[in-house]
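**Student:** Below is the file coords30.cif, with mmCIF, C-alpha atoms.
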data_model
#
loop_
_atom_site.label_atom_id
_atom_site.label_comp_id
_atom_site.auth_asym_id
_atom_site.auth_seq_id
_atom_site.Cartn_x
_atom_site.Cartn_y
_atom_site.Cartn_z
CA MET A 1 -83.96 -81.90 -50.60
CA THR A 2 -82.38 -78.67 -49.40
CA ASN A 3 -80.36 -76.12 -51.35
CA HIS A 4 -77.31 -77.10 -49.37
CA SER A 5 -77.48 -80.68 -50.60
CA HIS A 6 -78.00 -79.49 -54.19
CA LYS A 7 -74.66 -77.75 -54.09
CA ASN A 8 -72.94 -80.97 -53.02
CA HIS A 9 -73.88 -82.68 -56.28
CA THR A 10 -71.48 -82.64 -59.20
CA ASP A 11 -72.70 -81.34 -62.54
CA GLU A 12 -72.83 -84.86 -63.86
CA GLU A 13 -74.92 -86.08 -60.90
CA LEU A 14 -77.35 -83.25 -61.52
CA MET A 15 -77.63 -84.34 -65.14
CA VAL A 16 -78.41 -87.88 -64.01
CA GLN A 17 -81.22 -86.43 -61.89
CA ILE A 18 -82.54 -84.59 -64.93
CA GLN A 19 -82.25 -87.67 -67.13
CA ASP A 20 -83.89 -90.06 -64.69
CA HIS A 21 -86.38 -87.85 -62.86
CA HIS A 22 -86.69 -84.70 -64.96
CA SER A 23 -85.74 -82.89 -61.73
CA HIS A 24 -86.67 -79.23 -61.72
CA TRP A 25 -84.24 -78.39 -58.93
CA ALA A 26 -81.32 -79.97 -60.80
CA ILE A 27 -81.73 -77.84 -63.93
CA VAL A 28 -82.19 -74.75 -61.74
CA GLU A 29 -78.94 -75.58 -59.94
CA LEU A 30 -77.07 -76.05 -63.23
CA HIS A 31 -78.48 -72.74 -64.44
CA ALA A 32 -77.22 -71.06 -61.28
CA ARG A 33 -73.76 -72.52 -61.84
CA TYR A 34 -73.31 -71.85 -65.55
CA SER A 35 -75.69 -69.13 -66.74
CA GLY A 36 -73.29 -66.29 -65.88
CA ARG A 37 -70.34 -67.81 -67.65
CA LEU A 38 -72.42 -68.84 -70.65
CA LEU A 39 -73.93 -65.38 -70.88
CA GLY A 40 -70.42 -63.89 -70.97
CA TYR A 41 -69.38 -66.36 -73.66
CA PHE A 42 -72.44 -65.55 -75.78
CA ILE A 43 -71.90 -61.80 -75.38
CA LYS A 44 -68.35 -62.20 -76.72
CA MET A 45 -69.36 -64.54 -79.51
CA LEU A 46 -72.41 -62.50 -80.57
CA ASN A 47 -70.58 -59.16 -80.77
CA LYS A 48 -71.87 -57.72 -77.49
CA ASP A 49 -75.57 -58.25 -78.26
CA VAL A 50 -76.73 -58.73 -74.66
CA ASP A 51 -80.41 -59.34 -75.44
CA LEU A 52 -79.57 -62.00 -78.00
CA ALA A 53 -77.11 -63.54 -75.54
CA GLN A 54 -79.82 -63.69 -72.85
CA ASP A 55 -82.13 -65.45 -75.31
CA PHE A 56 -79.37 -67.90 -76.18
CA VAL A 57 -78.84 -68.79 -72.51
CA GLN A 58 -82.55 -69.53 -72.08
CA GLU A 59 -82.62 -71.52 -75.29
CA LEU A 60 -79.53 -73.46 -74.29
CA PHE A 61 -81.07 -74.67 -71.03
CA LEU A 62 -84.21 -75.71 -72.87
CA LYS A 63 -81.96 -77.67 -75.23
CA ILE A 64 -80.35 -79.35 -72.22
CA LEU A 65 -83.81 -80.56 -71.15
CA GLU A 66 -84.73 -81.66 -74.66
CA LYS A 67 -81.42 -83.41 -75.39
CA LYS A 68 -80.73 -84.73 -71.90
CA HIS A 69 -80.65 -88.30 -73.20
CA LEU A 70 -77.64 -87.38 -75.39
CA PHE A 71 -75.44 -86.45 -72.45
CA ASP A 72 -72.80 -89.04 -71.59
CA THR A 73 -72.51 -88.99 -67.79
CA GLU A 74 -68.95 -90.30 -68.09
CA LYS A 75 -67.91 -87.00 -69.68
CA LYS A 76 -67.70 -83.49 -68.28
CA PHE A 77 -70.92 -81.48 -68.26
CA TYR A 78 -69.24 -78.12 -68.96
CA ILE A 79 -67.61 -79.52 -72.10
CA TRP A 80 -71.01 -80.69 -73.33
CA VAL A 81 -72.76 -77.45 -72.51
CA PHE A 82 -70.09 -75.32 -74.19
CA THR A 83 -70.29 -77.60 -77.22
CA ILE A 84 -74.01 -76.85 -77.46
CA ALA A 85 -73.32 -73.14 -76.96
CA SER A 86 -70.67 -73.15 -79.71
CA ASN A 87 -72.99 -74.94 -82.11
CA MET A 88 -75.69 -72.35 -81.41
CA CYS A 89 -73.21 -69.58 -82.25
CA LYS A 90 -72.18 -71.40 -85.41
CA THR A 91 -75.83 -71.56 -86.50
CA ALA A 92 -76.27 -67.86 -85.71
CA TYR A 93 -73.18 -66.99 -87.79
CA ARG A 94 -74.52 -68.93 -90.72
CA LYS A 95 -77.94 -67.28 -90.50
CA THR A 96 -77.02 -63.68 -89.78
CA GLY A 97 -73.32 -63.25 -90.56
CA ILE A 98 -72.70 -61.55 -87.22
CA SER A 99 -68.96 -61.25 -87.80
CA GLN A 100 -69.40 -58.44 -90.37
CA THR A 101 -71.14 -56.06 -87.98
CA PHE A 102 -68.20 -53.92 -86.91
CA GLU A 103 -66.24 -53.55 -90.10
CA THR A 104 -66.98 -49.85 -90.70
CA GLU A 105 -66.62 -48.98 -87.02
CA LYS A 106 -63.07 -50.28 -87.06
CA HIS A 107 -61.86 -47.89 -89.75
CA ASP A 108 -63.42 -44.90 -88.00
CA HIS A 109 -61.44 -45.63 -84.90
CA LEU A 110 -58.23 -46.33 -86.68
CA GLN A 111 -58.30 -42.96 -88.37
CA THR A 112 -58.59 -41.11 -85.07
CA ASN A 113 -55.34 -39.59 -83.91
CA TYR A 114 -54.49 -40.15 -80.25
CA SER A 115 -51.37 -38.70 -78.77
CA ASP A 116 -50.82 -40.33 -75.42
CA ASN A 117 -50.29 -43.97 -74.50
CA LEU A 118 -53.55 -44.36 -72.59
CA ALA A 119 -55.63 -43.22 -75.53
CA GLU A 120 -53.48 -45.38 -77.76
CA LYS A 121 -54.16 -48.36 -75.55
CA GLU A 122 -57.92 -47.73 -75.58
CA LEU A 123 -57.85 -47.40 -79.33
CA PHE A 124 -55.80 -50.55 -79.60
CA LEU A 125 -58.24 -52.51 -77.42
CA ARG A 126 -61.23 -51.34 -79.46
CA ALA A 127 -59.48 -52.26 -82.68
CA LEU A 128 -58.53 -55.59 -81.19
CA GLN A 129 -62.12 -56.26 -80.15
CA ASN A 130 -63.39 -55.40 -83.61
CA SER A 131 -60.75 -57.59 -85.23
CA ILE A 132 -61.72 -60.53 -83.03
CA ASP A 133 -65.38 -59.96 -83.91
CA GLN A 134 -64.50 -60.27 -87.57
CA LEU A 135 -62.83 -63.67 -87.24
CA GLU A 136 -64.59 -66.58 -88.83
CA ASN A 137 -66.57 -68.67 -86.38
CA GLY A 138 -64.12 -71.55 -85.80
CA GLN A 139 -61.17 -69.24 -85.16
CA LYS A 140 -63.19 -66.87 -82.99
CA GLN A 141 -64.56 -69.76 -80.94
CA ALA A 142 -61.05 -71.07 -80.28
CA PHE A 143 -59.70 -67.58 -79.55
CA VAL A 144 -62.48 -66.65 -77.09
CA LEU A 145 -62.36 -69.98 -75.30
CA ARG A 146 -58.57 -69.90 -74.98
CA PHE A 147 -57.72 -66.29 -74.19
CA MET A 148 -60.93 -64.99 -72.61
CA GLU A 149 -62.54 -68.04 -71.01
CA HIS A 150 -59.18 -69.71 -70.28
CA PHE A 151 -60.00 -73.25 -71.33
CA SER A 152 -57.15 -75.68 -71.97
CA LEU A 153 -56.31 -76.67 -75.53
CA GLN A 154 -57.64 -80.18 -74.91
CA GLU A 155 -60.93 -78.81 -73.54
CA ILE A 156 -61.34 -76.55 -76.57
CA ALA A 157 -60.65 -79.51 -78.83
CA ASP A 158 -63.35 -81.50 -77.01
CA ILE A 159 -65.81 -78.61 -77.25
CA ALA A 160 -65.10 -78.11 -80.95
CA GLU A 161 -65.07 -81.90 -81.43
CA THR A 162 -61.72 -81.80 -83.19
CA SER A 163 -58.02 -82.37 -82.44
CA VAL A 164 -55.65 -80.25 -80.36
CA GLY A 165 -53.50 -79.72 -83.46
CA THR A 166 -56.43 -78.22 -85.33
CA ILE A 167 -57.16 -75.90 -82.42
CA LYS A 168 -53.53 -74.74 -82.30
CA SER A 169 -53.66 -74.09 -86.01
CA ARG A 170 -56.89 -72.09 -85.69
CA LEU A 171 -55.44 -70.08 -82.84
CA PHE A 172 -52.25 -69.28 -84.73
CA TYR A 173 -54.08 -68.10 -87.84
CA ALA A 174 -56.61 -66.17 -85.77
CA THR A 175 -53.80 -64.38 -83.94
CA GLN A 176 -51.98 -63.70 -87.18
CA LYS A 177 -55.12 -62.27 -88.79
CA VAL A 178 -55.86 -59.99 -85.84
CA ALA A 179 -52.23 -58.86 -85.62
CA LYS A 180 -52.19 -57.92 -89.30
CA GLN A 181 -55.15 -55.61 -88.73
CA LEU A 182 -53.35 -54.01 -85.81
CA LYS A 183 -49.99 -53.52 -87.55
CA ASP A 184 -50.57 -49.75 -87.74
CA PHE A 185 -50.23 -49.49 -83.98
CA ASP A 186 -46.88 -48.60 -82.56
CA PRO A 187 -45.62 -51.67 -80.67
CA SER A 188 -43.37 -49.53 -78.52
CA PHE A 189 -46.00 -49.07 -75.81
CA GLU A 190 -46.27 -52.81 -75.15
CA SER A 191 -43.54 -52.73 -72.57
CA THR A 192 -45.48 -50.35 -70.32
CA LEU A 193 -49.07 -51.39 -70.93
CA PHE A 194 -48.88 -55.08 -71.77
CA LYS A 195 -46.51 -57.06 -69.66
CA LEU A 196 -45.28 -60.03 -71.61
CA SER A 197 -43.90 -63.04 -69.82
CA MET B 1 -43.56 -83.82 -87.44
CA GLU B 2 -45.56 -81.05 -85.88
CA PRO B 3 -46.98 -78.53 -88.35
CA THR B 4 -45.21 -75.18 -88.47
CA GLU B 5 -48.17 -73.13 -87.25
CA ASN B 6 -48.63 -75.36 -84.22
CA ARG B 7 -45.02 -74.96 -83.18
CA LEU B 8 -45.21 -71.20 -83.78
CA PHE B 9 -48.33 -70.99 -81.64
CA ASP B 10 -46.65 -72.90 -78.81
CA LEU B 11 -43.73 -70.46 -78.91
CA LEU B 12 -46.05 -67.44 -79.09
CA GLU B 13 -48.01 -68.59 -76.10
CA THR B 14 -45.03 -69.59 -74.00
CA TYR B 15 -42.07 -67.29 -74.50
CA SER B 16 -41.28 -63.68 -75.22
CA PHE B 17 -39.00 -63.15 -78.22
CA ALA B 18 -36.05 -62.45 -75.91
CA ALA B 19 -36.59 -65.72 -74.04
CA LEU B 20 -36.49 -67.89 -77.16
CA THR B 21 -33.57 -70.25 -77.65
CA GLU B 22 -31.33 -69.68 -80.60
CA GLU B 23 -32.94 -72.56 -82.49
CA ASP B 24 -36.46 -71.33 -81.80
CA ARG B 25 -35.52 -67.77 -82.67
CA LEU B 26 -34.20 -68.91 -86.05
CA PHE B 27 -37.38 -70.93 -86.58
CA VAL B 28 -39.55 -67.92 -85.79
CA LEU B 29 -37.53 -65.57 -87.96
CA SER B 30 -37.84 -67.98 -90.87
CA ASN B 31 -41.63 -67.51 -90.72
CA MET B 32 -42.14 -63.92 -89.55
CA THR B 33 -40.31 -60.81 -88.43
CA GLU B 34 -39.50 -60.07 -84.82
CA GLU B 35 -42.03 -57.21 -84.88
CA GLU B 36 -44.81 -59.49 -86.12
CA PHE B 37 -43.98 -61.95 -83.36
CA ARG B 38 -44.20 -59.16 -80.75
CA VAL B 39 -47.51 -57.84 -82.12
CA GLN B 40 -49.02 -61.32 -82.09
CA GLN B 41 -47.91 -61.81 -78.50
CA LYS B 42 -49.38 -58.43 -77.65
CA VAL B 43 -52.70 -59.59 -79.11
CA LEU B 44 -52.73 -62.70 -76.91
CA VAL B 45 -52.01 -60.71 -73.75
CA ALA B 46 -54.38 -57.84 -74.57
CA ALA B 47 -57.29 -60.17 -75.37
CA ASP B 48 -57.74 -60.86 -71.68
CA GLN B 49 -58.02 -57.13 -70.98
CA LEU B 50 -60.93 -56.52 -73.33
CA VAL B 51 -64.03 -55.20 -71.62
CA TYR B 52 -67.40 -56.61 -72.61
CA PRO B 53 -70.85 -55.54 -71.36
CA GLN B 54 -71.68 -57.03 -67.99
CA ALA B 55 -75.15 -58.53 -67.57
CA VAL B 56 -76.97 -60.64 -65.03
CA PRO B 57 -78.53 -63.79 -66.45
CA LEU B 58 -82.30 -63.82 -66.51
CA PRO B 59 -84.07 -66.35 -64.28
CA LEU B 60 -84.59 -69.69 -65.94
CA ALA B 61 -88.00 -69.88 -67.61
CA LEU B 62 -88.95 -73.51 -67.89
CA PRO B 63 -91.84 -74.54 -70.12
CA ALA B 64 -95.05 -75.52 -68.38
CA LYS B 65 -95.70 -79.22 -68.24
CA LYS B 66 -97.80 -80.43 -71.09
CA SER B 67 -101.38 -81.06 -70.08
CA GLY B 68 -102.66 -84.50 -70.88
CA GLY B 69 -105.85 -83.73 -72.74
CA LEU B 70 -108.53 -86.19 -73.69
CA MET B 71 -106.47 -87.85 -76.39
CA THR B 72 -103.65 -88.91 -74.09
CA PRO B 73 -103.58 -92.69 -73.77
CA ILE B 74 -103.98 -93.96 -70.20
CA PRO B 75 -102.36 -97.22 -69.15
CA LEU B 76 -104.76 -100.01 -68.20
CA TYR B 77 -103.44 -100.28 -64.66
CA LYS B 78 -104.14 -96.58 -64.09
CA SER B 79 -107.74 -96.88 -65.21
CA LEU B 80 -108.23 -99.96 -62.99
CA ILE B 81 -106.77 -98.16 -59.99
CA SER B 82 -109.02 -95.18 -60.69
CA ALA B 83 -112.13 -97.38 -60.88
CA ALA B 84 -111.24 -99.12 -57.62
CA ALA B 85 -110.63 -95.79 -55.92
CA ALA B 86 -113.98 -94.46 -57.12
CA ALA B 87 -115.78 -97.57 -55.84
CA MET B 88 -114.12 -97.28 -52.43
CA PHE B 89 -114.96 -93.60 -52.27
CA ILE B 90 -118.64 -94.30 -52.94
CA PHE B 91 -118.68 -97.18 -50.46
CA PHE B 92 -117.21 -95.19 -47.61
CA PHE B 93 -118.61 -91.74 -48.23
CA TRP B 94 -122.07 -92.30 -49.72
CA PRO B 95 -124.66 -90.99 -47.21
CA LYS B 96 -126.44 -93.81 -45.33
CA GLU B 97 -129.61 -94.00 -43.19
CA GLN B 98 -128.74 -93.39 -39.60
CA GLU B 99 -128.66 -96.52 -37.53
CA GLY B 100 -131.33 -96.82 -34.87
CA GLU B 101 -133.87 -94.67 -36.69
CA LYS B 102 -137.19 -96.49 -36.88
CA ILE B 103 -140.57 -95.59 -38.24
CA VAL B 104 -143.48 -96.98 -36.26
CA TYR B 105 -146.96 -96.91 -37.78
CA LEU B 106 -149.48 -96.84 -34.94
CA ASP B 107 -152.58 -97.34 -37.08
CA LYS B 108 -152.07 -99.27 -40.24
CA TYR B 109 -155.74 -99.91 -41.05
CA SER B 110 -157.10 -96.44 -41.39
CA PRO B 111 -156.89 -94.76 -44.72
CA ALA B 112 -154.39 -91.98 -44.41
CA ASP B 113 -156.05 -88.65 -44.84
CA THR B 114 -154.38 -86.72 -42.05
CA ILE B 115 -151.00 -87.67 -40.63
CA TYR B 116 -149.32 -85.94 -37.79
CA LYS B 117 -145.68 -86.60 -37.43
CA THR B 118 -143.91 -86.27 -34.15
CA LYS B 119 -140.23 -86.74 -33.73
CA ILE B 120 -138.89 -87.59 -30.33
CA VAL B 121 -135.28 -86.62 -30.12
CA HIS B 122 -133.08 -88.36 -27.62
CA ASP B 123 -130.21 -86.01 -27.97
CA THR B 124 -128.80 -85.79 -24.50
CA VAL B 125 -128.27 -88.44 -21.89
CA PHE B 126 -127.89 -87.26 -18.34
CA LYS B 127 -126.11 -89.22 -15.71
CA GLU B 128 -126.34 -88.54 -12.02
CA LYS B 129 -123.02 -88.24 -10.37
CA GLY B 130 -122.47 -86.87 -6.90
CA GLY B 131 -125.97 -85.45 -6.69
CA THR B 132 -125.66 -83.49 -9.93
CA LEU B 133 -126.77 -84.31 -13.43
CA LEU B 134 -124.05 -84.47 -16.02
CA ALA B 135 -124.62 -84.48 -19.73
CA VAL B 136 -122.88 -87.64 -20.90
CA ASN B 137 -123.28 -87.46 -24.62
CA GLN B 138 -125.46 -86.24 -27.39
CA LYS B 139 -127.15 -88.58 -29.80
CA ASN B 140 -128.97 -88.35 -33.00
CA PRO B 141 -132.68 -89.23 -32.96
CA ASP B 142 -133.09 -92.97 -32.74
CA THR B 143 -136.87 -93.31 -33.18
CA ILE B 144 -139.44 -91.46 -35.22
CA TYR B 145 -143.08 -92.10 -34.38
CA LEU B 146 -145.77 -91.62 -36.97
CA TYR B 147 -149.37 -91.88 -35.86
CA GLN B 148 -152.79 -91.06 -37.19
CA GLU B 149 -155.80 -89.49 -35.49
CA ASN B 150 -158.75 -91.82 -34.82
CA PRO B 151 -161.14 -91.69 -37.83
CA SER B 152 -164.21 -91.42 -35.53
CA THR B 153 -162.98 -88.10 -34.23
CA ALA B 154 -161.62 -87.00 -37.51
CA VAL B 155 -163.22 -84.06 -39.19
CA ALA B 156 -166.08 -85.14 -41.47
CA PRO B 157 -165.26 -85.40 -45.11
CA ARG B 158 -166.42 -82.48 -47.14
CA MET B 159 -168.74 -84.59 -49.38
CA LEU B 160 -170.99 -85.49 -46.42
CA ASN B 161 -171.38 -81.87 -45.49
CA ALA B 162 -172.98 -81.08 -48.86
CA THR B 163 -176.63 -79.97 -48.82
CA GLN B 164 -179.29 -81.72 -50.91
CA SER B 165 -179.38 -80.37 -54.40
CA ILE B 166 -182.12 -82.63 -56.05
CA PRO B 167 -185.76 -81.52 -55.25
CA LEU B 168 -187.87 -84.45 -54.10
CA PRO B 169 -191.67 -84.41 -53.42
CA GLU B 170 -192.78 -84.60 -49.84
CA LEU B 171 -194.11 -87.93 -48.65
CA ASN B 172 -197.97 -87.88 -48.24
CA GLN B 173 -200.98 -90.28 -48.30
CA ALA B 174 -201.32 -90.12 -52.07
CA LEU B 175 -197.77 -91.15 -52.62
CA LEU B 176 -197.98 -93.90 -50.03
CA LYS B 177 -201.23 -95.43 -51.49
CA ASN B 178 -200.91 -99.06 -52.59
CA ARG B 179 -201.56 -99.20 -56.29
CA GLY B 180 -200.68 -102.85 -57.05
CA LYS B 181 -202.63 -106.23 -56.85
CA SER B 182 -202.09 -109.14 -54.64
CA LEU B 183 -200.92 -112.39 -56.13
CA LYS B 184 -204.26 -113.95 -55.47
CA GLU B 185 -206.01 -111.27 -57.51
CA ASP B 186 -203.52 -111.22 -60.28
CA ASN B 187 -204.64 -113.18 -63.37
CA HIS B 188 -201.18 -113.79 -64.47
CA SER B 189 -200.23 -115.70 -61.40
CA SER B 190 -201.16 -118.91 -63.22
CA LEU B 191 -198.18 -118.36 -65.45
CA LEU B 192 -195.83 -118.61 -62.54
CA PRO B 193 -194.50 -122.07 -61.57
CA ALA B 194 -196.10 -123.77 -58.60
CA ILE B 195 -194.44 -123.18 -55.27
CA SER B 196 -194.23 -126.90 -54.73
CA GLU B 197 -191.59 -127.05 -57.46
CA PHE B 198 -189.34 -124.84 -55.39
CA GLU B 199 -189.84 -126.92 -52.30
CA ARG B 200 -188.33 -129.99 -53.88
#
Take the structure in the file and give it back as structure tokens.
**Tutor:**
Amino acid sequence: MTNHSHKNHTDEELMVQIQDHHSHWAIVELHARYSGRLLGYFIKMLNKDVDLAQDFVQELFLKILEKKHLFDTEKKFYIWVFTIASNMCKTAYRKTGISQTFETEKHDHLQTNYSDNLAEKELFLRALQNSIDQLENGQKQAFVLRFMEHFSLQEIADIAETSVGTIKSRLFYATQKVAKQLKDFDPSFESTLFKLS
Amino acid sequence: MEPTENRLFDLLETYSFAALTEEDRLFVLSNMTEEEFRVQQKVLVAADQLVYPQAVPLPLALPAKKSGGLMTPIPLYKSLISAAAAAMFIFFFWPKEQEGEKIVYLDKYSPADTIYKTKIVHDTVFKEKGGTLLAVNQKNPDTIYLYQENPSTAVAPRMLNATQSIPLPELNQALLKNRGKSLKEDNHSSLLPAISEFER
């Protein structure tokens, strides 16, 4: 089978190949499709630890091979794979408490005095990043998937295996928590740097 | 009834504060200030502008397939197929005697002490065509002749070539002298049975 024909398969068809024939080419094709996006997701969820994120991507695809029988071919593959990824992050949070890493860094930056808007924006983005990193796992997962990976609310609910209402609630409280930490910033520059709809 | 935070989130995600309806604006202001609403919206918009380290995913490293080992159970049909395959392999590929090769013993009576073996190889057959000889094919030897040299012309065995090693006296008159008695003169001849008894 040629590479061209591999690309014509849907994700779910590739999973059927893996389930039925343990096809090497199918898992390689899925890796080609999703490894970049998953790596980005892990980097955001694991506080920019690229090496750990690379390990997580490898581990995730090994899990796909091990748990291939658990995949329901009637459902979307990317939902399933992001569910596994989110569960791996949840386990990592429990074991290492990753969300506490940047607490001291945040205060250092906040105490720096910047005069112009550009510096203010950079400082704001750093503070925002640190605040997101400090969210508890469920809220951070919802926040990253919604506002950085641009999943729909229903997709996030499927990934988190919960309801859309719960996801909305997590997103609201996550946003509120982050905003409280950023209240020291002057909101006046939003009109020039952050275009709101 | 939709929970308050869910409705607030929908408004945050959808409208700026200025675009809110009067009812929604009152609802928002009953839960937070206008400034808090703006900061929260700023967070949602700015989140997409955050820069994270860029990295290229490593190639997929799949585990090597587990080797079977001696303890791995083998299905019966596999072992039967293997046995049949081995038998067929031996049947077809075991070296055989070449067809047409014969051994002819020219002298089967003589004890074999010296055997000369001559192999006549018929390896090339020539065929005359148009006044020239053409090599048609090449064959393996089809007959091997074994023959033995005639014993009468064979080299004498080594034992017969040995010289006499026991000293014997020379034959002379004294040794050849008759020292016995005739039957007629012998007194004991009466003890012998009569010849007539043998004639019966």
**Student:** Kindly assemble as JSON lines a list of the chain A residues that lie within 8 Å of chain B, each paired with its nearest atom pair and their distance in Å to one decimal, using all atoms listed in the file, sorted first by chain and then by ascending residue number.
**Tutor:**
{"residue": "A:Val28", "atom": "CA", "partner": "B:Leu60", "partner_atom": "CA", "distance": 7.0}
{"residue": "A:His31", "atom": "CA", "partner": "B:Leu60", "partner_atom": "CA", "distance": 7.0}
{"residue": "A:Ser35", "atom": "CA", "partner": "B:Pro57", "partner_atom": "CA", "distance": 6.1}
{"residue": "A:Gly36", "atom": "CA", "partner": "B:Pro57", "partner_atom": "CA", "distance": 5.8}
{"residue": "A:Leu39", "atom": "CA", "partner": "B:Pro57", "partner_atom": "CA", "distance": 6.6}
{"residue": "A:Gly40", "atom": "CA", "partner": "B:Gln54", "partner_atom": "CA", "distance": 7.6}
{"residue": "A:Ile43", "atom": "CA", "partner": "B:Tyr52", "partner_atom": "CA", "distance": 7.4}
{"residue": "A:Lys44", "atom": "CA", "partner": "B:Tyr52", "partner_atom": "CA", "distance": 7.0}
{"residue": "A:Lys48", "atom": "CA", "partner": "B:Pro53", "partner_atom": "CA", "distance": 6.6}
{"residue": "A:Val50", "atom": "CA", "partner": "B:Ala55", "partner_atom": "CA", "distance": 7.3}
{"residue": "A:Gln54", "atom": "CA", "partner": "B:Pro57", "partner_atom": "CA", "distance": 6.5}
{"residue": "A:Val57", "atom": "CA", "partner": "B:Pro57", "partner_atom": "CA", "distance": 7.9}
{"residue": "A:Gln58", "atom": "CA", "partner": "B:Leu60", "partner_atom": "CA", "distance": 6.5}
{"residue": "A:Phe61", "atom": "CA", "partner": "B:Leu60", "partner_atom": "CA", "distance": 7.9}
{"residue": "A:Leu62", "atom": "CA", "partner": "B:Leu62", "partner_atom": "CA", "distance": 7.2}
{"residue": "A:Leu125", "atom": "CA", "partner": "B:Leu50", "partner_atom": "CA", "distance": 6.3}
{"residue": "A:Leu128", "atom": "CA", "partner": "B:Val43", "partner_atom": "CA", "distance": 7.4}
{"residue": "A:Gln129", "atom": "CA", "partner": "B:Leu50", "partner_atom": "CA", "distance": 6.9}
{"residue": "A:Phe147", "atom": "CA", "partner": "B:Asp48", "partner_atom": "CA", "distance": 6.0}
{"residue": "A:Met148", "atom": "CA", "partner": "B:Asp48", "partner_atom": "CA", "distance": 5.3}
{"residue": "A:Gly165", "atom": "CA", "partner": "B:Asn6", "partner_atom": "CA", "distance": 6.6}
{"residue": "A:Lys168", "atom": "CA", "partner": "B:Asn6", "partner_atom": "CA", "distance": 5.3}
{"residue": "A:Ser169", "atom": "CA", "partner": "B:Asn6", "partner_atom": "CA", "distance": 5.5}
{"residue": "A:Leu171", "atom": "CA", "partner": "B:Phe9", "partner_atom": "CA", "distance": 7.3}
{"residue": "A:Phe172", "atom": "CA", "partner": "B:Phe9", "partner_atom": "CA", "distance": 5.3}
{"residue": "A:Tyr173", "atom": "CA", "partner": "B:Glu5", "partner_atom": "CA", "distance": 7.8}
{"residue": "A:Thr175", "atom": "CA", "partner": "B:Gln40", "partner_atom": "CA", "distance": 6.0}
{"residue": "A:Gln176", "atom": "CA", "partner": "B:Gln40", "partner_atom": "CA", "distance": 6.4}
{"residue": "A:Val178", "atom": "CA", "partner": "B:Val43", "partner_atom": "CA", "distance": 7.4}
{"residue": "A:Ala179", "atom": "CA", "partner": "B:Gln40", "partner_atom": "CA", "distance": 5.4}
{"residue": "A:Leu182", "atom": "CA", "partner": "B:Val39", "partner_atom": "CA", "distance": 7.9}
{"residue": "A:Lys183", "atom": "CA", "partner": "B:Val39", "partner_atom": "CA", "distance": 7.4}
{"residue": "A:Pro187", "atom": "CA", "partner": "B:Val39", "partner_atom": "CA", "distance": 6.6}
{"residue": "A:Glu190", "atom": "CA", "partner": "B:Lys42", "partner_atom": "CA", "distance": 6.9}
{"residue": "A:Phe194", "atom": "CA", "partner": "B:Val45", "partner_atom": "CA", "distance": 6.7}
{"residue": "A:Lys195", "atom": "CA", "partner": "B:Val45", "partner_atom": "CA", "distance": 7.8}
{"residue": "A:Leu196", "atom": "CA", "partner": "B:Ser16", "partner_atom": "CA", "distance": 6.5}
{"residue": "A:Ser197", "atom": "CA", "partner": "B:Ser16", "partner_atom": "CA", "distance": 6.0}
**Student:** Return the single residue from A:Ala92, A:Leu123, A:Glu155, A:Glu12 that is closest to Asp72 of chain A, with distances computed using all atoms listed in the file.
**Tutor:**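 Nearest candidate to Asp72 of chain A out of A:Ala92, A:Leu123, A:Glu155, A:Glu12: A:Glu12.
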**Student:** Find the distance between atom CA of Val144 of chain A and atom CA of Tyr41 of chain A and write it in Å to one decimal.
**Tutor:**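 That distance, rounded to one decimal, is 7.7 Å.
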**Student:** Give as a list in words the residues that the PyMOL selection byres ((chain A and resi 90) around 12) matches when applied to the coordinates above.
**Tutor:**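 For this structure, the PyMOL selection byres ((chain A and resi 90) around 12) resolves to Phe42, Met45, Leu46, Thr83, Ile84, Ala85, Ser86, Asn87, Met88, Cys89, Thr91, Ala92, Tyr93, Arg94, Lys95, Thr96, Gly97, Ile98, Ser99, Glu136, Asn137, Gly138, Gln139, Lys140, Gln141 and Ala160 of chain A.
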**Student:** How many Å lie between atom CA of Asp55 of chain A and atom CA of Lys67 of chain A, rounded to one decimal?
**Tutor:**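 Taking atom CA of Asp55 of chain A as the start and atom CA of Lys67 of chain A as the end point, the length is 18.0 Å.
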**Student:** Can you report as lines of an AutoDock Vina configuration file the centre and edge lengths in Å, to one decimal, of an axis-aligned box around the listed atoms of segment 52-61 of chain A padded with 3 Å on each side?
**Tutor:**
center_x = -79.9
center_y = -68.3
center_z = -74.5
size_x = 11.5
size_y = 18.7
size_z = 13.0
**Student:** For Asp158 of chain A, find every residue with an atom within 12 Å (counting only C-alpha atoms), except residues of its own chain fewer than 5 positions away, and show them as a PyMOL selection string.
**Tutor:** chain A and resi 75-84+86+142+145+151-153+163-167
**Student:** Find the distance between atom CA of Pro75 of chain B and atom CA of Trp25 of chain A and write it in Å to one decimal.
**Tutor:**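 If I compute the distance from atom CA of Pro75 of chain B to atom CA of Trp25 of chain A, I get 28.1 Å.
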**Student:** Please determine, counting only C-alpha atoms, which residue among A:Gln19, A:Asn47, A:Asn8, A:Thr162 has the shortest atom-to-atom distance to Ile64 of chain A.
**Tutor:** A:Gln19
**Student:** For the file shown, what are the residues hit by the PyMOL selection byres ((chain A and resi 15) around 9), laid out as a PyMOL selection string?
**Tutor:** chain A and resi 10-14+16-20+23+26-27+30+68+71+73+77
